[in-house]
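Dumped work_2.cif below, it's mmCIF, C-alpha atoms:
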```
data_target
loop_
_atom_site.label_atom_id
_atom_site.label_comp_id
_atom_site.auth_asym_id
_atom_site.auth_seq_id
_atom_site.Cartn_x
_atom_site.Cartn_y
_atom_site.Cartn_z
CA MET A 24 -6.02 -73.19 7.24
CA VAL A 25 -4.06 -76.46 7.00
CA ASP A 26 -1.62 -74.77 4.61
CA ALA A 27 -1.10 -71.88 7.04
CA GLY A 28 -0.32 -74.37 9.80
CA LEU A 29 2.19 -76.20 7.61
CA LEU A 30 3.88 -72.92 6.62
CA LEU A 31 4.08 -71.90 10.29
CA ALA A 32 5.62 -75.29 11.16
CA ALA A 33 8.13 -74.97 8.27
CA PHE A 34 9.33 -71.77 9.96
CA MET A 35 9.03 -72.74 13.63
CA LEU A 36 10.69 -76.19 13.50
CA PRO A 37 14.12 -75.03 12.26
CA PHE A 38 13.86 -71.80 14.30
CA LEU A 39 13.26 -73.68 17.56
CA ALA A 40 15.83 -76.36 16.66
CA ILE A 41 18.55 -73.70 16.40
CA LEU A 42 17.30 -71.68 19.37
CA LEU A 43 17.18 -74.66 21.73
CA ALA A 44 20.25 -76.56 20.54
CA MET A 45 22.63 -73.61 20.12
CA PRO A 46 23.56 -73.12 23.82
CA ARG A 47 24.49 -76.81 24.16
CA PHE A 48 26.38 -76.82 20.86
CA MET A 49 28.31 -73.69 21.89
CA LYS A 50 29.17 -75.39 25.20
CA TYR A 51 30.36 -78.48 23.31
CA LEU A 52 32.55 -76.35 21.02
CA ARG A 53 34.05 -74.54 24.04
CA MET A 54 34.76 -77.80 25.85
CA SER A 55 36.43 -79.31 22.79
CA GLY A 56 38.57 -76.19 22.35
CA ARG A 57 36.90 -75.05 19.14
CA VAL A 58 37.05 -71.33 19.83
CA VAL A 59 38.52 -68.49 17.76
CA ASP A 60 39.58 -64.95 18.61
CA ASP A 61 37.04 -62.20 17.99
CA VAL A 62 39.76 -59.97 16.57
CA HIS A 63 37.68 -56.78 16.58
CA LYS A 64 37.59 -56.69 20.39
CA THR A 65 40.35 -55.30 22.62
CA PRO A 66 41.51 -57.62 24.09
CA PRO A 67 40.24 -60.35 21.71
CA THR A 68 37.54 -62.57 23.20
CA LYS A 69 37.16 -66.30 22.52
CA VAL A 70 34.06 -67.27 20.54
CA PRO A 71 32.84 -70.83 19.74
CA CYS A 72 33.30 -71.62 16.03
CA PRO A 73 32.04 -73.15 13.77
CA VAL A 74 28.31 -73.47 14.50
CA GLY A 75 27.79 -74.17 10.77
CA PRO A 76 27.01 -77.88 11.50
CA LEU A 77 24.09 -76.85 13.70
CA LEU A 78 22.82 -74.40 11.06
CA PHE A 79 22.95 -77.25 8.53
CA ILE A 80 20.95 -79.50 10.87
CA GLY A 81 18.41 -76.67 11.26
CA ALA A 82 18.09 -76.33 7.48
CA LEU A 83 17.81 -80.12 7.18
CA VAL A 84 14.99 -80.27 9.75
CA GLY A 85 13.05 -77.49 7.98
CA GLU A 86 13.48 -78.73 4.43
CA VAL A 87 12.75 -82.40 5.28
CA PHE A 88 9.55 -81.21 6.97
CA VAL A 89 8.58 -79.27 3.82
CA TYR A 90 9.30 -82.39 1.74
CA LEU A 91 7.11 -84.58 3.97
CA ALA A 92 4.33 -81.97 4.16
CA PHE A 93 4.18 -80.96 0.48
CA GLY A 94 5.79 -83.92 -1.32
CA SER A 95 7.86 -81.63 -3.52
CA LEU A 96 11.37 -82.38 -4.78
CA ILE A 97 12.49 -78.74 -4.23
CA PRO A 98 13.39 -79.05 -0.50
CA LEU A 99 15.55 -82.10 -1.22
CA VAL A 100 17.39 -80.13 -3.92
CA VAL A 101 17.92 -77.32 -1.39
CA VAL A 102 19.31 -79.76 1.16
CA GLY A 103 21.57 -81.36 -1.47
CA GLY A 104 23.14 -78.04 -2.52
CA ALA A 105 23.40 -76.90 1.11
CA GLY A 106 25.07 -80.19 2.07
CA ILE A 107 27.78 -79.91 -0.58
CA ALA A 108 28.54 -76.26 0.26
CA PHE A 109 28.55 -77.17 3.96
CA ALA A 110 31.01 -80.02 3.30
CA VAL A 111 33.35 -77.66 1.40
CA GLY A 112 33.04 -75.13 4.24
CA ILE A 113 33.70 -77.59 7.05
CA VAL A 114 36.84 -78.84 5.31
CA ASP A 115 37.92 -75.19 5.04
CA ASP A 116 37.10 -74.61 8.72
CA LEU A 117 39.20 -77.59 9.80
CA PHE A 118 42.07 -77.59 7.29
CA VAL A 119 41.91 -74.21 5.38
CA LEU A 120 41.44 -74.62 1.62
CA GLY A 121 43.31 -72.53 -0.93
CA GLY A 122 41.80 -69.32 -2.32
CA LYS A 123 41.15 -70.96 -5.71
CA THR A 124 40.19 -74.46 -4.49
CA LYS A 125 37.11 -73.29 -2.60
CA PRO A 126 35.30 -71.63 -5.54
CA LEU A 127 36.13 -74.60 -7.78
CA LEU A 128 34.67 -77.08 -5.29
CA LEU A 129 31.57 -74.91 -4.81
CA VAL A 130 30.60 -75.52 -8.45
CA PHE A 131 29.50 -78.97 -7.25
CA ALA A 132 26.87 -77.37 -5.00
CA ALA A 133 24.86 -76.78 -8.19
CA ALA A 134 24.93 -80.52 -9.02
CA PRO A 135 21.77 -81.58 -7.10
CA LEU A 136 19.81 -78.79 -8.78
CA VAL A 137 20.98 -79.62 -12.30
CA VAL A 138 20.60 -83.39 -11.83
CA ALA A 139 17.07 -82.92 -10.45
CA ALA A 140 16.18 -80.66 -13.42
CA LEU A 141 17.45 -83.30 -15.85
CA LEU A 142 15.48 -86.06 -14.11
CA GLN A 143 12.24 -84.16 -13.53
CA SER A 144 10.74 -81.20 -15.37
CA GLY A 145 9.55 -78.20 -13.37
CA VAL A 146 12.42 -78.08 -10.85
CA TYR A 147 13.32 -74.75 -12.41
CA ASP A 148 12.11 -72.69 -15.32
CA ALA A 149 14.97 -71.95 -17.75
CA SER A 150 13.70 -68.43 -18.43
CA ILE A 151 14.01 -65.20 -16.50
CA ALA A 152 11.09 -62.92 -15.60
CA PHE A 153 11.85 -59.20 -15.89
CA PRO A 154 10.09 -56.28 -14.25
CA LEU A 155 7.49 -54.77 -16.64
CA LEU A 156 8.93 -56.61 -19.67
CA GLY A 157 7.75 -60.17 -18.95
CA SER A 158 9.69 -63.43 -19.33
CA THR A 159 12.39 -64.38 -21.78
CA GLY A 160 12.15 -67.54 -23.83
CA ALA A 161 13.44 -70.78 -22.26
CA HIS A 162 17.12 -71.55 -22.93
CA PHE A 163 17.93 -74.62 -20.83
CA THR A 164 21.63 -75.00 -21.68
CA ILE A 165 22.59 -71.34 -21.33
CA TYR A 166 20.46 -70.87 -18.22
CA THR A 167 21.93 -74.00 -16.61
CA LEU A 168 25.50 -72.88 -17.35
CA LEU A 169 24.74 -69.53 -15.70
CA VAL A 170 23.27 -71.33 -12.69
CA VAL A 171 26.39 -73.50 -12.30
CA ALA A 172 28.61 -70.40 -12.53
CA ALA A 173 26.42 -68.54 -10.03
CA PHE A 174 26.84 -71.00 -7.14
CA PRO A 175 30.48 -70.28 -6.27
CA ILE A 176 29.88 -66.56 -6.82
CA VAL A 177 26.89 -66.36 -4.47
CA ALA A 178 28.31 -68.73 -1.82
CA ASN A 179 31.62 -66.83 -1.75
CA ALA A 180 29.79 -63.50 -1.70
CA PHE A 181 27.96 -64.62 1.46
CA ASN A 182 31.23 -65.88 2.96
CA MET A 183 32.93 -62.52 2.33
CA MET A 184 30.12 -60.80 4.26
CA ASP A 185 31.11 -62.77 7.36
CA SER A 186 33.59 -60.42 9.04
CA PHE A 187 31.85 -58.75 11.99
CA ASN A 188 29.43 -59.59 14.78
CA GLY A 189 25.95 -60.00 13.35
CA GLN A 190 26.97 -59.16 9.78
CA ILE A 191 26.32 -62.50 8.00
CA SER A 192 23.26 -63.37 10.10
CA GLY A 193 21.70 -59.90 9.71
CA PHE A 194 22.52 -59.88 6.00
CA THR A 195 20.92 -63.31 5.50
CA VAL A 196 17.81 -62.37 7.50
CA LEU A 197 17.23 -59.28 5.32
CA THR A 198 17.98 -60.94 1.98
CA SER A 199 15.96 -64.06 2.77
CA LEU A 200 13.00 -61.85 3.71
CA ALA A 201 13.33 -60.07 0.33
CA LEU A 202 13.42 -63.52 -1.31
CA LEU A 203 10.35 -64.60 0.67
CA PHE A 204 8.53 -61.42 -0.40
CA ALA A 205 9.28 -62.18 -4.07
CA VAL A 206 8.14 -65.80 -3.73
CA VAL A 207 4.92 -64.90 -1.86
CA LEU A 208 4.14 -62.23 -4.45
CA ARG A 209 4.68 -64.71 -7.27
CA ALA A 210 2.55 -67.33 -5.52
CA THR A 211 -0.23 -64.74 -5.15
CA PHE A 212 -0.31 -63.65 -8.78
CA ASP A 213 0.83 -66.83 -10.57
CA SER A 214 -1.92 -69.44 -10.29
CA GLY A 215 0.28 -72.38 -11.30
CA TYR A 216 2.89 -71.67 -8.61
CA SER A 217 3.12 -74.33 -5.88
CA LEU A 218 2.97 -73.50 -2.18
CA ALA A 219 5.92 -75.86 -1.60
CA ARG A 220 8.20 -73.23 -3.16
CA VAL A 221 7.04 -70.67 -0.58
CA ALA A 222 7.50 -73.21 2.23
CA SER A 223 11.04 -74.05 1.03
CA VAL A 224 12.17 -70.47 1.69
CA LEU A 225 10.94 -70.39 5.31
CA PRO A 226 13.72 -72.58 6.84
CA LEU A 227 16.35 -70.11 5.52
CA VAL A 228 14.53 -67.19 7.19
CA ALA A 229 14.19 -69.27 10.35
CA ILE A 230 17.80 -70.45 10.72
CA SER A 231 19.27 -67.02 9.90
CA GLY A 232 16.82 -65.36 12.33
CA ALA A 233 17.63 -67.78 15.15
CA PHE A 234 21.36 -67.53 14.41
CA TYR A 235 21.20 -63.71 14.56
CA ILE A 236 20.22 -63.95 18.24
CA PHE A 237 23.58 -65.61 19.00
CA ASN A 238 25.68 -63.88 16.34
CA ARG A 239 24.69 -60.23 16.96
CA PHE A 240 27.04 -57.92 18.90
CA PRO A 241 28.66 -59.12 21.11
CA SER A 242 28.81 -62.47 19.31
CA GLN A 243 28.42 -65.66 21.29
CA ALA A 244 28.91 -67.86 18.20
CA PHE A 245 30.52 -67.71 14.75
CA ASP A 246 29.23 -69.82 11.87
CA GLY A 247 32.59 -70.41 10.16
CA ASP A 248 32.93 -70.98 6.42
CA SER A 249 30.69 -74.06 6.75
CA GLY A 250 27.78 -71.84 7.79
CA ALA A 251 28.35 -68.88 5.47
CA LEU A 252 28.92 -70.98 2.32
CA MET A 253 25.88 -73.10 3.13
CA LEU A 254 23.65 -70.02 3.60
CA GLY A 255 24.83 -68.72 0.20
CA ALA A 256 24.18 -72.07 -1.50
CA ILE A 257 20.67 -72.27 -0.01
CA PHE A 258 19.95 -68.71 -1.18
CA ALA A 259 21.18 -69.50 -4.73
CA THR A 260 19.16 -72.74 -4.93
CA LEU A 261 15.98 -71.04 -3.72
CA ALA A 262 16.42 -68.10 -6.12
CA VAL A 263 16.60 -70.54 -9.07
CA THR A 264 13.89 -73.01 -8.01
CA SER A 265 11.52 -70.15 -7.11
CA GLY A 266 12.11 -68.38 -10.42
CA VAL A 267 12.83 -65.01 -8.76
CA GLU A 268 16.44 -64.66 -9.90
CA ILE A 269 16.47 -60.93 -10.66
CA ALA A 270 14.92 -59.98 -7.30
CA ALA A 271 17.40 -62.30 -5.55
CA ILE A 272 20.43 -60.83 -7.33
CA ILE A 273 19.29 -57.28 -6.51
CA ALA A 274 18.89 -58.18 -2.82
CA ILE A 275 22.51 -59.34 -2.52
CA VAL A 276 24.07 -56.45 -4.49
CA PRO A 277 26.13 -55.28 -1.44
CA ALA A 278 27.68 -58.77 -1.19
CA ILE A 279 28.32 -58.93 -4.95
CA LEU A 280 29.98 -55.49 -4.83
CA ASN A 281 32.06 -56.54 -1.81
CA SER A 282 33.30 -59.69 -3.61
CA PHE A 283 34.03 -57.75 -6.76
CA TYR A 284 36.00 -55.10 -4.87
CA THR A 285 37.99 -57.70 -2.95
CA LEU A 286 38.73 -59.88 -5.98
CA SER A 287 39.67 -56.96 -8.22
CA SER A 288 41.89 -55.19 -5.70
CA ALA A 289 43.50 -58.40 -4.37
CA ARG A 290 44.02 -59.48 -8.02
CA GLY A 291 42.11 -62.77 -7.84
CA PHE A 292 41.03 -65.36 -5.31
CA VAL A 293 43.28 -64.80 -2.32
CA GLU A 294 42.53 -66.40 1.03
CA ARG A 295 41.91 -63.44 3.40
CA ARG A 296 44.44 -64.84 5.90
CA ARG A 297 47.10 -64.36 3.18
CA MET A 298 46.37 -60.72 2.28
CA THR A 299 49.60 -58.74 2.73
CA THR A 300 47.97 -55.33 3.24
CA ARG A 301 44.84 -55.19 5.36
CA PRO A 302 41.94 -52.99 4.16
CA THR A 303 41.13 -51.86 7.72
CA ARG A 304 42.83 -51.66 11.11
CA LEU A 305 41.62 -51.71 14.68
CA GLY A 306 42.61 -48.55 16.57
CA GLU A 307 43.60 -48.41 20.22
CA ASP A 308 40.27 -46.69 20.90
CA GLY A 309 38.50 -49.89 19.77
CA LYS A 310 37.28 -48.24 16.55
CA LEU A 311 37.89 -49.50 13.04
CA TYR A 312 39.84 -47.32 10.62
CA ALA A 313 40.13 -47.57 6.83
CA SER A 314 43.65 -48.16 5.55
CA MET A 315 44.77 -44.97 3.80
CA GLU A 316 47.41 -46.86 1.79
CA LYS A 317 46.68 -46.77 -1.93
CA SER A 318 47.72 -50.44 -2.26
CA ALA A 319 45.23 -51.62 0.39
CA PRO A 320 42.46 -53.90 -0.93
CA THR A 321 39.16 -52.11 -1.53
CA THR A 322 36.41 -53.83 0.42
CA LEU A 323 32.92 -52.66 1.25
CA ILE A 324 34.00 -52.13 4.87
CA ARG A 325 36.97 -49.98 3.80
CA LEU A 326 34.67 -47.87 1.59
CA ILE A 327 32.36 -47.33 4.57
CA LEU A 328 35.26 -46.43 6.86
CA LEU A 329 36.80 -43.99 4.39
CA SER A 330 34.22 -41.46 5.68
CA GLY A 331 35.64 -41.84 9.20
CA PRO A 332 36.24 -44.46 11.91
CA LEU A 333 33.38 -46.45 13.41
CA ASP A 334 33.00 -49.01 16.13
CA GLU A 335 32.06 -52.57 15.12
CA GLN A 336 28.34 -52.04 15.74
CA GLY A 337 28.42 -48.89 13.58
CA VAL A 338 30.10 -50.76 10.71
CA VAL A 339 27.51 -53.55 10.83
CA ARG A 340 24.70 -50.98 11.00
CA GLU A 341 26.03 -49.34 7.80
CA VAL A 342 26.33 -52.71 6.02
CA LEU A 343 22.82 -53.68 7.04
CA LEU A 344 21.53 -50.24 5.93
CA LEU A 345 23.01 -50.84 2.46
CA THR A 346 21.49 -54.34 2.49
CA ALA A 347 18.10 -52.93 3.51
CA VAL A 348 18.25 -50.50 0.56
CA SER A 349 19.09 -53.32 -1.86
CA CYS A 350 16.27 -55.42 -0.36
CA LEU A 351 13.83 -52.55 -0.91
CA LEU A 352 15.01 -52.35 -4.55
CA SER A 353 14.51 -56.12 -4.71
CA CYS A 354 10.94 -55.79 -3.38
CA ALA A 355 10.22 -53.02 -5.92
CA THR A 356 11.60 -55.33 -8.65
CA SER A 357 9.29 -58.12 -7.44
CA VAL A 358 6.23 -55.85 -7.47
CA LEU A 359 7.04 -54.64 -11.00
CA THR A 360 7.57 -58.25 -12.12
CA TRP A 361 4.62 -60.10 -10.59
CA VAL A 362 1.82 -57.64 -9.81
CA HIS A 363 -0.36 -57.42 -12.91
CA MET B 1 24.87 -39.04 5.24
CA ARG B 2 27.77 -41.56 5.36
CA GLY B 3 26.17 -44.19 3.15
CA ALA B 4 24.67 -41.93 0.45
CA ALA B 5 27.55 -42.33 -2.02
CA LEU B 6 27.60 -46.09 -1.50
CA ILE B 7 23.83 -46.26 -2.02
CA ALA B 8 24.36 -44.40 -5.32
CA ILE B 9 26.94 -47.03 -6.37
CA GLU B 10 24.46 -49.73 -5.34
CA LEU B 11 21.75 -48.09 -7.49
CA ALA B 12 24.09 -47.95 -10.49
CA ALA B 13 24.96 -51.63 -10.06
CA PHE B 14 21.23 -52.45 -9.78
CA LEU B 15 20.31 -50.62 -12.99
CA LEU B 16 23.21 -52.20 -14.87
CA ILE B 17 22.25 -55.71 -13.74
CA ILE B 18 18.64 -55.22 -14.87
CA GLY B 19 19.59 -53.63 -18.20
CA GLU B 20 22.39 -56.01 -19.09
CA THR B 21 20.52 -59.21 -18.18
CA TYR B 22 17.60 -58.07 -20.30
CA PHE B 23 19.92 -57.22 -23.19
CA PHE B 24 21.61 -60.64 -22.84
CA PHE B 25 18.42 -62.69 -23.07
CA MET B 26 16.55 -60.48 -25.56
CA ALA B 27 19.38 -59.48 -27.93
CA ILE B 28 22.38 -61.76 -27.55
CA VAL B 29 20.80 -65.19 -27.01
CA PRO B 30 18.48 -65.05 -30.07
CA LEU B 31 21.17 -63.30 -32.17
CA GLY B 32 21.42 -64.01 -35.89
CA PRO B 33 19.52 -66.31 -38.32
CA VAL B 34 19.39 -70.10 -37.87
CA PRO B 35 22.99 -71.04 -38.76
CA HIS B 36 23.65 -73.08 -41.92
CA GLY B 37 26.98 -74.80 -41.84
CA LEU B 38 29.85 -74.86 -39.39
CA GLY B 39 31.30 -71.47 -40.41
CA GLU B 40 28.07 -69.56 -39.81
CA TYR B 41 27.47 -71.42 -36.54
CA THR B 42 31.00 -70.63 -35.31
CA ALA B 43 30.69 -66.95 -36.27
CA ILE B 44 27.36 -66.51 -34.46
CA THR B 45 28.58 -68.38 -31.37
CA LEU B 46 31.77 -66.31 -31.29
CA ALA B 47 29.76 -63.10 -31.60
CA LYS B 48 27.52 -64.17 -28.71
CA VAL B 49 30.49 -65.03 -26.50
CA LEU B 50 32.23 -61.72 -27.27
CA LEU B 51 29.09 -59.65 -26.68
CA THR B 52 28.44 -61.44 -23.37
CA PHE B 53 32.04 -60.86 -22.33
CA GLY B 54 31.59 -57.21 -23.30
CA LEU B 55 28.54 -56.91 -21.04
CA GLY B 56 30.54 -58.32 -18.13
CA VAL B 57 33.41 -55.94 -18.83
CA LEU B 58 30.99 -52.99 -19.07
CA TRP B 59 29.54 -53.79 -15.62
CA LEU B 60 33.00 -54.12 -14.10
CA VAL B 61 34.33 -50.94 -15.73
CA VAL B 62 31.35 -48.78 -14.73
CA VAL B 63 31.20 -50.02 -11.12
CA ALA B 64 35.01 -49.89 -10.73
CA SER B 65 35.15 -46.35 -12.19
CA ILE B 66 32.47 -44.99 -9.87
CA THR B 67 34.13 -46.67 -6.88
CA ARG B 68 37.59 -45.38 -7.86
CA LEU B 69 36.19 -41.83 -8.03
CA TYR B 70 34.71 -42.28 -4.55
CA VAL B 71 37.94 -43.70 -3.07
CA ARG B 72 40.03 -40.96 -4.72
CA SER B 73 37.76 -38.22 -3.35
CA LYS B 74 38.10 -39.70 0.15
CA LEU B 75 41.89 -40.23 -0.01
CA ARG B 76 42.57 -36.71 -1.36
CA PRO B 77 43.96 -34.54 1.44
CA HIS B 78 41.37 -31.95 2.39
CA PRO B 79 42.56 -28.30 2.66
CA PRO B 80 42.77 -27.11 6.25
CA THR B 81 39.81 -25.05 7.39
CA PRO B 82 40.77 -21.40 7.98
CA SER B 83 40.88 -20.59 11.66
CA ALA B 84 38.91 -17.64 12.93
#
```

Starting from the file, give its structure as structure tokens.
Amino acid sequence: MVDAGLLLAAFMLPFLAILLAMPRFMKYLRMSGRVVDDVHKTPPTKVPCPVGPLLFIGALVGEVFVYLAFGSLIPLVVVGGAGIAFAVGIVDDLFVLGGKTKPLLLVFAAAPLVVAALLQSGVYDASIAFPLLGSTGAHFTIYTLLVVAAFPIVANAFNMMDSFNGQISGFTVLTSLALLFAVVLRATFDSGYSLARVASVLPLVAISGAFYIFNRFPSQAFDGDSGALMLGAIFATLAVTSGVEIAAIIAIVPAILNSFYTLSSARGFVERRRMTTRPTRLGEDGKLYASMEKSAPTTLIRLILLSGPLDEQGVVREVLLLTAVSCLLSCATSVLTWVH
Amino acid sequence: MRGAALIAIELAAFLLIIGETYFFFMAIVPLGPVPHGLGEYTAITLAKVLLTFGLGVLWLVVVASITRLYVRSKLRPHPPTPSA
């Protein structure tokens, strides 16, 4: 009963923090001139950006509560990784980092996780559990190298899903729920699994859920790179500390595919503001069209629009449908991994 | 259905991730006998690196090929429908 109350508080505290503080923070951003054009509207509307700092505060509130309630090191590791990714993102929001600088700096978001694992055993398990086949042996060095390489990939993948109203928030809500399902399932069937790991996931569900209310069509707030990179770093940290890596990777397959398409067709890390040919265009009817030029970068959105034009809400609905499918595959992976 | 082809690509990526990660940890990581001497150690390490690189390339090639087929089918001009 006490545990249920603590889990509820781990969700409600960050959720209410974002819900109550967001209107004031948006007002502050508007008054200080921190607004950007919502380019998919005709004419473009002005939207407060970035609300990433408030999302970070929400995550901080939730994870510090989990630390105080459960006494586990995991929430502090989550906050550490989130803080570094947030710092990289806020510098990018204010000064615009180069296409290659950002991923390089995001490697440091893995530092709190690796340092904590070196100082204390049990922060993460250096093996991977597979559906039906069981776990691999522990390989600390190889596993840790993969973790370090994964941080910029996952954080950037989240950032690249931040193009339309409600896209990043809806994507994070769905994928964090798939992550929560995997963690709850593991906690149910693995007797040695601590409840603190379940509680650590709840602030991510809470902040993305509360943010969706303001970010859905028509958006009242954009998170900026500081928000999107931080959400990706939190997701990566939780996937590793919870030991549900495969389920987590499956859940974000649409984002991984989107990054891969963009990187391969743009021939490397190119800041999206510097792309010469755009993958999509906004028609005079307010609908989005895929570029029919062969040289246009292939992105997930362009692939969706190749079947015909859609309005912004339709595009986001298609992206979230693909995400829902990958989350269902993730849940199936979790069941096949943990239910004995 | 608009998203059916993309869901198929997603499924292929999913199956490849599962299969390749399993192959990496079960076949590549424990590859070879315990190395004796620098030469044997270097050869085994090199083999592991090359095989891992090969897995990455395989994922990229398969996903890129399926996607290219999809894009090509969509960019191909469709014949006009005969009027009644």

(message) Ranking A:Thr360, A:Thr65, A:Ser287, A:Leu78 by minimum distance to A:Ser318 and counting all atoms listed in the file, which one comes first?
(response) A:Ser287

(message) Since I can't run it myself right now, could you work out what the PyMOL selection byres ((chain B) within 9 of (chain A)) selects here and report it as a PyMOL selection string?
(response) chain B and resi 2-3+6-7+10-11+13-14+17-18+21-22+25-26+29+60+63-64+67+70-71+74-75

(message) I'd like the interatomic distance between atom CA of A:Gly193 and atom CA of A:Pro241, to a tenth of an Å.
(response) 13.4 Å

Answer key for the PyMOL selection byres ((chain A and resi 103-120) around 7), residues as a compact mmCIF listing (two decimals) with C-alpha atoms, in the frame of the given file:
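Here's the written file selection_20.txt:
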```txt
# COMPACT_ATOMS: atom_id res chain seq x y z
CA LEU A 99 15.55 -82.10 -1.22
CA VAL A 100 17.39 -80.13 -3.92
CA VAL A 101 17.92 -77.32 -1.39
CA VAL A 102 19.31 -79.76 1.16
CA GLY A 121 43.31 -72.53 -0.93
CA GLY A 122 41.80 -69.32 -2.32
CA THR A 124 40.19 -74.46 -4.49
CA LYS A 125 37.11 -73.29 -2.60
CA LEU A 128 34.67 -77.08 -5.29
CA LEU A 129 31.57 -74.91 -4.81
CA PHE A 131 29.50 -78.97 -7.25
CA ALA A 132 26.87 -77.37 -5.00
CA ALA A 133 24.86 -76.78 -8.19
CA PRO A 135 21.77 -81.58 -7.10
CA GLY A 247 32.59 -70.41 10.16
CA ASP A 248 32.93 -70.98 6.42
CA SER A 249 30.69 -74.06 6.75
CA GLY A 250 27.78 -71.84 7.79
CA LEU A 252 28.92 -70.98 2.32
CA MET A 253 25.88 -73.10 3.13
CA ALA A 256 24.18 -72.07 -1.50
CA ILE A 257 20.67 -72.27 -0.01
```

(request) Just the residues within 12 Å of A:Val70, please, counting only C-alpha atoms, with nothing from its chain fewer than 5 positions along; format it as an MDAnalysis selection string. (result) chainID A and resid 49:50 52:54 56:64 188 237:238 240:247

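Against the coordinates shown, the PyMOL selection byres ((chain B and resi 45) around 12) returns Ile28, Val29, Pro30, Leu31, Gly32, Pro33, Val34, Pro35, Leu38, Gly39, Glu40, Tyr41, Thr42, Ala43, Ile44, Leu46, Ala47, Lys48, Val49, Leu50, Leu51 and Thr52 of chain B.
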
Counting all atoms listed in the file, find residues at most 6 Å from (27.9, -67.6, -0.2) (file frame) and give them as a CSV table (one decimal) with C-alpha atoms, in the coordinates of the input.
```csv
chain,number,residue,atom,x,y,z
A,177,VAL,CA,26.9,-66.4,-4.5
A,178,ALA,CA,28.3,-68.7,-1.8
A,179,ASN,CA,31.6,-66.8,-1.8
A,180,ALA,CA,29.8,-63.5,-1.7
A,181,PHE,CA,28.0,-64.6,1.5
A,182,ASN,CA,31.2,-65.9,3.0
A,251,ALA,CA,28.4,-68.9,5.5
A,252,LEU,CA,28.9,-71.0,2.3
A,255,GLY,CA,24.8,-68.7,0.2
A,256,ALA,CA,24.2,-72.1,-1.5
```

(message) Would you compute the distance between atom CA of A:Val267 and atom CA of A:Cys354? Give it in Å to one decimal.
(response) 10.8 Å

(message) Between A:Val358, A:Ala44, A:Phe187, A:Ser214, which residue has the minimum interatomic distance to A:Leu311, considering all atoms listed in the file?
(response)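 Of A:Val358, A:Ala44, A:Phe187, A:Ser214, the one nearest A:Leu311 is A:Phe187, counting all atoms listed in the file.
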
As lines of an AutoDock Vina configuration file: centre and edge lengths in Å, one decimal, of the axis-aligned box holding stretch 41-53 of chain B with 6 Å per side:
```
center_x = 29.8
center_y = -65.5
center_z = -29.4
size_x = 16.9
size_y = 23.8
size_z = 26.2
```

(request) For atom CA of A:Leu136 and atom CA of A:Asp148, determine how far apart the two atoms are, in Å to one decimal place. (result)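 Atom CA of A:Asp148 lies at a distance of 11.8 Å from atom CA of A:Leu136.
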
(request) Using only C-alpha atoms, find the one residue out of A:Ala355, A:Met184, A:Val89, A:Ile236 that sits nearest to A:Leu202. (result)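 Using only C-alpha atoms, A:Leu202 sits closest to A:Ala355.
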